[in-house]
$ cat structure_29.txt   # compact mmCIF, C-alpha atoms and all ligand atoms
# COMPACT_ATOMS: atom_id res chain seq x y z
CA MET A 1 15.59 -61.08 6.81
CA LYS A 2 18.01 -59.31 9.09
CA GLY A 3 19.77 -61.03 11.96
CA ARG A 4 18.56 -60.40 15.48
CA THR A 5 20.05 -60.89 18.93
CA ILE A 6 18.17 -63.44 21.02
CA ASN A 7 18.55 -62.93 24.77
CA ASN A 8 16.56 -65.68 26.46
CA GLU A 9 14.38 -68.71 25.93
CA ALA A 10 11.11 -66.75 25.68
CA GLU A 11 12.59 -64.67 22.87
CA LEU A 12 13.93 -67.75 21.13
CA LEU A 13 10.54 -69.49 21.18
CA GLN A 14 8.89 -66.37 19.82
CA VAL A 15 11.46 -65.95 17.06
CA MET A 16 11.27 -69.67 16.29
CA ASP A 17 7.51 -69.46 15.85
CA GLU A 18 7.82 -66.39 13.65
CA ILE A 19 10.61 -67.75 11.50
CA LEU A 20 9.07 -71.24 11.08
CA ASN A 21 5.94 -69.57 9.75
CA HIS A 22 7.76 -67.04 7.62
CA VAL A 23 6.99 -67.54 3.92
CA TRP A 24 10.22 -67.72 1.96
CA GLU A 25 10.39 -66.99 -1.71
CA VAL A 26 13.40 -68.57 -3.37
CA LYS A 27 14.45 -69.29 -6.93
CA CYS A 28 15.89 -72.62 -8.04
CA ASN A 29 18.59 -72.97 -10.70
CA ARG A 30 15.91 -73.14 -13.43
CA GLY A 31 14.70 -69.71 -12.42
CA TRP A 32 11.41 -70.94 -11.01
CA THR A 33 10.09 -69.32 -7.88
CA HIS A 34 9.27 -71.51 -4.89
CA ARG A 35 7.21 -70.20 -2.01
CA THR A 36 6.70 -71.91 1.32
CA SER A 37 7.25 -71.74 5.07
CA VAL A 38 9.14 -74.40 6.98
CA ALA A 39 6.06 -74.99 9.17
CA GLU A 40 4.03 -75.59 6.01
CA LEU A 41 6.54 -78.28 5.05
CA GLY A 42 5.66 -80.01 8.32
CA TYR A 43 8.74 -79.17 10.35
CA SER A 44 8.72 -78.35 14.03
CA PHE A 45 11.33 -77.23 16.52
CA VAL A 46 12.81 -79.41 19.28
CA TRP A 47 15.71 -79.04 21.68
CA SER A 48 18.66 -81.42 21.58
CA GLY A 49 21.21 -82.06 24.30
CA LYS A 50 24.08 -82.09 21.78
CA LYS A 51 27.27 -80.41 22.91
CA LYS A 52 29.12 -80.40 19.61
CA SER A 53 26.52 -79.34 17.06
CA PHE A 54 24.64 -76.06 17.49
CA GLY A 55 21.74 -77.06 15.29
CA SER A 56 20.59 -79.74 12.87
CA CYS A 57 17.81 -80.45 10.41
CA ASN A 58 16.27 -83.91 10.22
CA TYR A 59 14.43 -84.34 6.90
CA GLY A 60 12.94 -87.73 7.73
CA ARG A 61 11.38 -86.76 11.03
CA LYS A 62 10.95 -83.13 9.94
CA LEU A 63 12.64 -81.68 12.97
CA ILE A 64 14.70 -78.52 13.40
CA LYS A 65 16.89 -79.30 16.39
CA MET A 66 18.81 -76.74 18.41
CA SER A 67 21.35 -77.61 21.08
CA ARG A 68 20.05 -76.38 24.41
CA PRO A 69 23.53 -76.24 26.03
CA ILE A 70 25.08 -74.24 23.16
CA VAL A 71 22.04 -71.95 22.76
CA GLU A 72 22.13 -71.17 26.50
CA LEU A 73 25.79 -70.16 26.25
CA ASN A 74 25.01 -67.82 23.36
CA TYR A 75 21.99 -65.83 24.57
CA GLY A 76 22.85 -62.19 23.93
CA ASN A 77 25.93 -63.12 21.89
CA LYS A 78 25.35 -61.06 18.74
CA ASP A 79 22.99 -62.75 16.26
CA HIS A 80 24.62 -66.20 16.30
CA ILE A 81 21.52 -68.11 17.41
CA TRP A 82 19.42 -66.41 14.77
CA TRP A 83 21.77 -67.37 11.95
CA THR A 84 22.04 -70.92 13.19
CA VAL A 85 18.25 -71.22 12.99
CA ILE A 86 18.30 -69.78 9.45
CA HIS A 87 21.12 -72.18 8.54
CA GLU A 88 18.99 -75.17 9.58
CA LEU A 89 15.82 -73.81 7.94
CA SER A 90 17.73 -73.37 4.71
CA HIS A 91 18.50 -77.10 4.77
CA ALA A 92 14.75 -77.79 4.99
CA ILE A 93 13.93 -75.37 2.14
CA ALA A 94 16.82 -76.58 -0.05
CA HIS A 95 15.74 -80.18 0.48
CA TRP A 96 12.19 -79.30 -0.53
CA VAL A 97 13.31 -77.43 -3.67
CA TYR A 98 16.04 -79.79 -4.84
CA GLY A 99 15.47 -83.10 -3.05
CA ALA A 100 18.33 -85.29 -1.90
CA LYS A 101 20.92 -83.55 -4.08
CA ALA A 102 20.69 -80.52 -1.79
CA CYS A 103 22.17 -82.49 1.10
CA ASN A 104 25.14 -81.08 2.98
CA HIS A 105 26.52 -77.67 2.10
CA GLY A 106 26.95 -77.85 -1.66
CA LYS A 107 25.92 -75.29 -4.30
CA TYR A 108 22.17 -76.01 -4.04
CA TRP A 109 22.07 -75.45 -0.30
CA LYS A 110 24.37 -72.45 -0.63
CA SER A 111 22.16 -70.71 -3.17
CA ILE A 112 19.05 -71.15 -1.00
CA ASN A 113 20.89 -70.13 2.17
CA ILE A 114 22.05 -66.88 0.51
CA GLN A 115 18.53 -66.13 -0.74
CA MET A 116 17.36 -66.48 2.86
CA GLY A 117 19.72 -63.70 3.88
CA ASP A 118 22.62 -65.76 5.22
CA ASP A 119 26.16 -65.84 3.80
CA GLY A 120 26.22 -69.37 2.36
CA GLU A 121 29.05 -70.39 4.65
CA ARG A 122 28.80 -73.68 6.47
CA CYS A 123 30.78 -72.85 9.60
CA TYR A 124 29.78 -70.98 12.69
CA ALA A 125 31.55 -67.76 13.56
CA ASP A 126 34.70 -68.09 15.66
CA ASP A 127 33.17 -66.26 18.57
CA VAL A 128 30.26 -68.66 19.05
CA VAL A 129 30.67 -69.92 22.62
CA ARG A 130 31.11 -73.68 22.55
CA VAL A 131 30.56 -76.29 25.22
CA LYS A 132 33.85 -77.60 26.52
CA GLY A 133 34.38 -81.32 26.25
CA LYS A 134 34.75 -83.21 29.51
CA TYR A 135 38.45 -83.76 28.88
CA THR A 136 41.05 -81.70 27.06
CA LEU A 137 44.32 -83.22 25.91
CA SER A 138 47.29 -80.93 25.55
CA CYS A 139 50.90 -81.41 24.53
CA PRO A 140 53.42 -81.27 27.42
CA ARG A 141 55.73 -79.16 25.21
CA ASN A 142 52.90 -76.71 24.56
CA CYS A 143 53.39 -77.04 20.83
CA GLY A 144 49.79 -76.02 20.27
CA ALA A 145 48.53 -79.40 19.02
CA LYS A 146 44.98 -79.89 20.20
CA ASP A 147 43.12 -83.10 20.81
CA SER A 148 40.65 -82.10 18.12
CA GLN A 149 43.42 -82.21 15.54
CA LEU A 150 44.33 -85.66 14.38
CA MET A 151 47.83 -85.37 15.66
CA ARG A 152 47.76 -87.72 18.53
CA MET A 153 49.12 -91.19 18.71
CA SER A 154 47.43 -93.78 20.77
CA ARG A 155 48.71 -96.73 22.72
CA GLY A 156 45.79 -98.16 24.61
CA ARG A 157 44.14 -95.19 26.26
CA GLU A 158 47.23 -93.01 26.41
CA TYR A 159 48.05 -90.43 23.81
CA SER A 160 51.24 -88.69 22.86
CA CYS A 161 51.75 -85.70 20.61
CA GLY A 162 52.20 -86.72 16.98
CA THR A 163 53.44 -83.29 15.94
CA CYS A 164 56.35 -83.29 18.42
CA SER A 165 57.19 -86.88 17.57
CA VAL A 166 57.50 -85.95 13.89
CA LYS A 167 59.70 -82.99 14.79
CA GLU A 168 62.07 -85.11 16.85
CA THR A 169 62.22 -88.43 15.03
CA GLY A 170 60.65 -87.71 11.68
CA ARG A 171 58.00 -90.29 12.44
CA ARG A 172 54.51 -90.04 13.81
CA GLU A 173 54.74 -92.61 16.56
CA TRP A 174 54.00 -93.20 20.22
CA ASN A 175 56.61 -91.41 22.31
CA PRO A 176 56.39 -91.33 26.13
CA ASN A 177 58.30 -88.01 26.17
CA PHE A 178 55.32 -86.32 24.57
CA LYS A 179 52.55 -87.96 26.53
CA MET A 180 49.49 -85.69 26.30
CA VAL A 181 48.34 -84.10 29.56
CA ILE A 182 44.68 -84.75 30.36
CA THR A 183 42.64 -81.99 31.98
CA GLN A 184 39.11 -82.65 33.21
CA ASN A 185 36.94 -79.59 32.51
CA TYR A 186 33.89 -80.43 34.60
ZN ZN A 201 24.30 -77.35 7.84
ZN ZN A 202 53.46 -81.38 20.76
$ encode --input "structure_29.txt" --output "structure tokens"
Amino acid sequence: MKGRTINNEAELLQVMDEILNHVWEVKCNRGWTHRTSVAELGYSFVWSGKKKSFGSCNYGRKLIKMSRPIVELNYGNKDHIWWTVIHELSHAIAHWVYGAKACNHGKYWKSINIQMGDDGERCYADDVVRVKGKYTLSCPRNCGAKDSQLMRMSRGREYSCGTCSVKETGRREWNPNFKMVITQNY
């Protein structure tokens, strides 16, 4: 299947319906052909309010979850939503074909994901618009260390830049000179 741009919620719901009912034909590592749709496996689509993960696949409850906040930021943004849906559906198919060993993004998932037209990569494209966290921490020396990198040192609820501390003292330790600046984003 080719990727498609999704521009609004109505389009997403339509695509979702189409793609959940699409019959996939994939081969496992023994060369056997497996044919099914994700709807046939019992999965349905639900929104999540998650701000960090674009989509997820819950095998136990048979749910394909998409983050409403991230989806809304990416309407019309190339075919990112489409490929995220395919990514999650490929988890469902891989789990059906291989069972628990197809968890995560190993070779079993990868092979199925590629057969479903995706690239077998686990990460989202760099230009997917993400939801900003409520707070951003940044280094006062603008060294580029981000709060998402594990470079901060904590003392209670205050953080200082671990990268700059290493540069100056050779040790990764709390240093009030490099106290991270907190910005509230919303
Ligand atoms: Zn995944
Ligand atoms: Zn720094």
$ closest_residue --input "structure_29.txt" --among "A:Asn77, A:Thr183, A:Ser37, A:Thr163" --to "Asn7 in chain A" --atoms "all atoms listed in the file"
A:Asn77
$ residues_around --input "structure_29.txt" --residues "Gln115 in chain A" --least-positions-apart "5" --cutoff "9 Å" --atoms "all atoms listed in the file" --output "VMD selection string"
chain A and resid 24 to 27 110 120
$ closest_residue --input "structure_29.txt" --among "A:Asn175, A:Thr33, A:Ser56, A:Ser44" --to "ligand ZN 201 (chain A)" --atoms "all atoms listed in the file"
A:Ser56
$ residues_near_ligand --input "structure_29.txt" --ligand "ligand ZN 201 (chain A)" --cutoff "8 Å" --atoms "only C-alpha atoms and all ligand atoms" --output "PyMOL selection string"
chain A and resi 55-57+87-88+91+104-105+122
$ atom_distance --input "structure_29.txt" --atom1 "CA of Gln14 in chain A" --atom2 "CA of Lys132 in chain A"
28.2 Å
$ closest_atom_pairs --input "structure_29.txt" --of "chain A" --to "ligand ZN 202 (chain A)" --cutoff "10 Å" --atoms "all atoms listed in the file" --output "Markdown table"
| residue | atom | partner | partner_atom | distance |
| --- | --- | --- | --- | --- |
| A:Ser138 | CA | A:ZN202 | ZN | 7.8 |
| A:Cys139 | CA | A:ZN202 | ZN | 4.6 |
| A:Pro140 | CA | A:ZN202 | ZN | 6.7 |
| A:Arg141 | CA | A:ZN202 | ZN | 5.5 |
| A:Asn142 | CA | A:ZN202 | ZN | 6.0 |
| A:Cys143 | CA | A:ZN202 | ZN | 4.3 |
| A:Gly144 | CA | A:ZN202 | ZN | 6.5 |
| A:Ala145 | CA | A:ZN202 | ZN | 5.6 |
| A:Lys146 | CA | A:ZN202 | ZN | 8.6 |
| A:Met151 | CA | A:ZN202 | ZN | 8.6 |
| A:Arg152 | CA | A:ZN202 | ZN | 8.8 |
| A:Ser160 | CA | A:ZN202 | ZN | 7.9 |
| A:Cys161 | CA | A:ZN202 | ZN | 4.6 |
| A:Gly162 | CA | A:ZN202 | ZN | 6.7 |
| A:Thr163 | CA | A:ZN202 | ZN | 5.2 |
| A:Cys164 | CA | A:ZN202 | ZN | 4.2 |
| A:Ser165 | CA | A:ZN202 | ZN | 7.4 |
| A:Val166 | CA | A:ZN202 | ZN | 9.2 |
| A:Lys167 | CA | A:ZN202 | ZN | 8.8 |
| A:Asn177 | CA | A:ZN202 | ZN | 9.8 |
| A:Phe178 | CA | A:ZN202 | ZN | 6.5 |
| A:Lys179 | CA | A:ZN202 | ZN | 8.8 |
| A:Met180 | CA | A:ZN202 | ZN | 8.1 |
$ atom_distance --input "structure_29.txt" --atom1 "CA of Tyr124 in chain A" --atom2 "CA of Phe54 in chain A"
8.7 Å
$ closest_residue --input "structure_29.txt" --among "A:Lys65, A:His95, A:Arg35, A:Arg171" --to "Val23 in chain A" --atoms "only C-alpha atoms"
A:Arg35
$ closest_residue --input "structure_29.txt" --among "A:Val97, A:Leu41, A:Ala102, A:Val131" --to "Glu72 in chain A" --atoms "all atoms listed in the file"
A:Val131
$ atom_distance --input "structure_29.txt" --atom1 "CA of Glu40 in chain A" --atom2 "CA of Cys28 in chain A"
18.6 Å
$ closest_residue --input "structure_29.txt" --among "A:Val128, A:Ile81, A:Met66, A:Leu73" --to "Gly3 in chain A" --atoms "only C-alpha atoms"
A:Ile81
$ closest_residue --input "structure_29.txt" --among "A:Ser90, A:Asn29, A:Thr84, A:Gln184" --to "Ser53 in chain A" --atoms "all atoms listed in the file"
A:Thr84
$ residues_around --input "structure_29.txt" --residues "Cys103 in chain A" --least-positions-apart "4" --cutoff "10 Å" --atoms "only C-alpha atoms" --output "ChimeraX atom specification"
/A:59,91-92,94-95,98-99,107-109
$ axis_aligned_box --input "structure_29.txt" --around "range 117-120 of chain A" --padding-each-side "4 Å" --output "AutoDock Vina command-line options"
--center_x 23.0 --center_y -66.5 --center_z 3.8 --size_x 14.5 --size_y 13.7 --size_z 10.9
$ build_atoms --input "structure_29.txt" --residues "range 75-92 of chain A" --atoms "N, CA and C atoms" --output "mmCIF file, keeping the file's coordinate frame"
data_model
loop_
_atom_site.group_PDB
_atom_site.id
_atom_site.type_symbol
_atom_site.label_atom_id
_atom_site.label_comp_id
_atom_site.auth_asym_id
_atom_site.auth_seq_id
_atom_site.Cartn_x
_atom_site.Cartn_y
_atom_site.Cartn_z
ATOM 1 N N TYR A 75 23.027 -66.870 24.443
ATOM 2 C CA TYR A 75 21.990 -65.830 24.570
ATOM 3 C C TYR A 75 22.701 -64.483 24.672
ATOM 4 N N GLY A 76 22.259 -63.525 23.890
ATOM 5 C CA GLY A 76 22.850 -62.190 23.930
ATOM 6 C C GLY A 76 24.156 -62.067 23.172
ATOM 7 N N ASN A 77 24.662 -63.155 22.619
ATOM 8 C CA ASN A 77 25.930 -63.120 21.890
ATOM 9 C C ASN A 77 25.656 -62.822 20.406
ATOM 10 N N LYS A 78 25.635 -61.542 20.099
ATOM 11 C CA LYS A 78 25.350 -61.060 18.740
ATOM 12 C C LYS A 78 24.110 -61.764 18.162
ATOM 13 N N ASP A 79 24.164 -62.097 16.852
ATOM 14 C CA ASP A 79 22.990 -62.750 16.260
ATOM 15 C C ASP A 79 23.299 -64.191 15.876
ATOM 16 N N HIS A 80 24.197 -64.833 16.645
ATOM 17 C CA HIS A 80 24.620 -66.200 16.300
ATOM 18 C C HIS A 80 23.486 -67.224 16.323
ATOM 19 N N ILE A 81 22.612 -67.123 17.322
ATOM 20 C CA ILE A 81 21.520 -68.110 17.410
ATOM 21 C C ILE A 81 20.604 -67.954 16.207
ATOM 22 N N TRP A 82 20.285 -66.713 15.907
ATOM 23 C CA TRP A 82 19.420 -66.410 14.770
ATOM 24 C C TRP A 82 19.930 -67.070 13.490
ATOM 25 N N TRP A 83 21.222 -66.862 13.207
ATOM 26 C CA TRP A 83 21.770 -67.370 11.950
ATOM 27 C C TRP A 83 21.899 -68.891 11.943
ATOM 28 N N THR A 84 22.015 -69.454 13.133
ATOM 29 C CA THR A 84 22.040 -70.920 13.190
ATOM 30 C C THR A 84 20.652 -71.462 12.837
ATOM 31 N N VAL A 85 19.615 -70.796 13.334
ATOM 32 C CA VAL A 85 18.250 -71.220 12.990
ATOM 33 C C VAL A 85 18.046 -71.104 11.481
ATOM 34 N N ILE A 86 18.446 -69.972 10.904
ATOM 35 C CA ILE A 86 18.300 -69.780 9.450
ATOM 36 C C ILE A 86 19.086 -70.845 8.679
ATOM 37 N N HIS A 87 20.288 -71.142 9.178
ATOM 38 C CA HIS A 87 21.120 -72.180 8.540
ATOM 39 C C HIS A 87 20.335 -73.501 8.446
ATOM 40 N N GLU A 88 19.721 -73.895 9.560
ATOM 41 C CA GLU A 88 18.990 -75.170 9.580
ATOM 42 C C GLU A 88 17.722 -75.098 8.718
ATOM 43 N N LEU A 89 17.029 -73.956 8.777
ATOM 44 C CA LEU A 89 15.820 -73.810 7.940
ATOM 45 C C LEU A 89 16.179 -73.861 6.460
ATOM 46 N N SER A 90 17.356 -73.355 6.123
ATOM 47 C CA SER A 90 17.730 -73.370 4.710
ATOM 48 C C SER A 90 18.006 -74.797 4.233
ATOM 49 N N HIS A 91 18.391 -75.681 5.145
ATOM 50 C CA HIS A 91 18.500 -77.100 4.770
ATOM 51 C C HIS A 91 17.113 -77.639 4.409
ATOM 52 N N ALA A 92 16.121 -77.303 5.231
ATOM 53 C CA ALA A 92 14.750 -77.790 4.990
ATOM 54 C C ALA A 92 14.218 -77.273 3.657
#
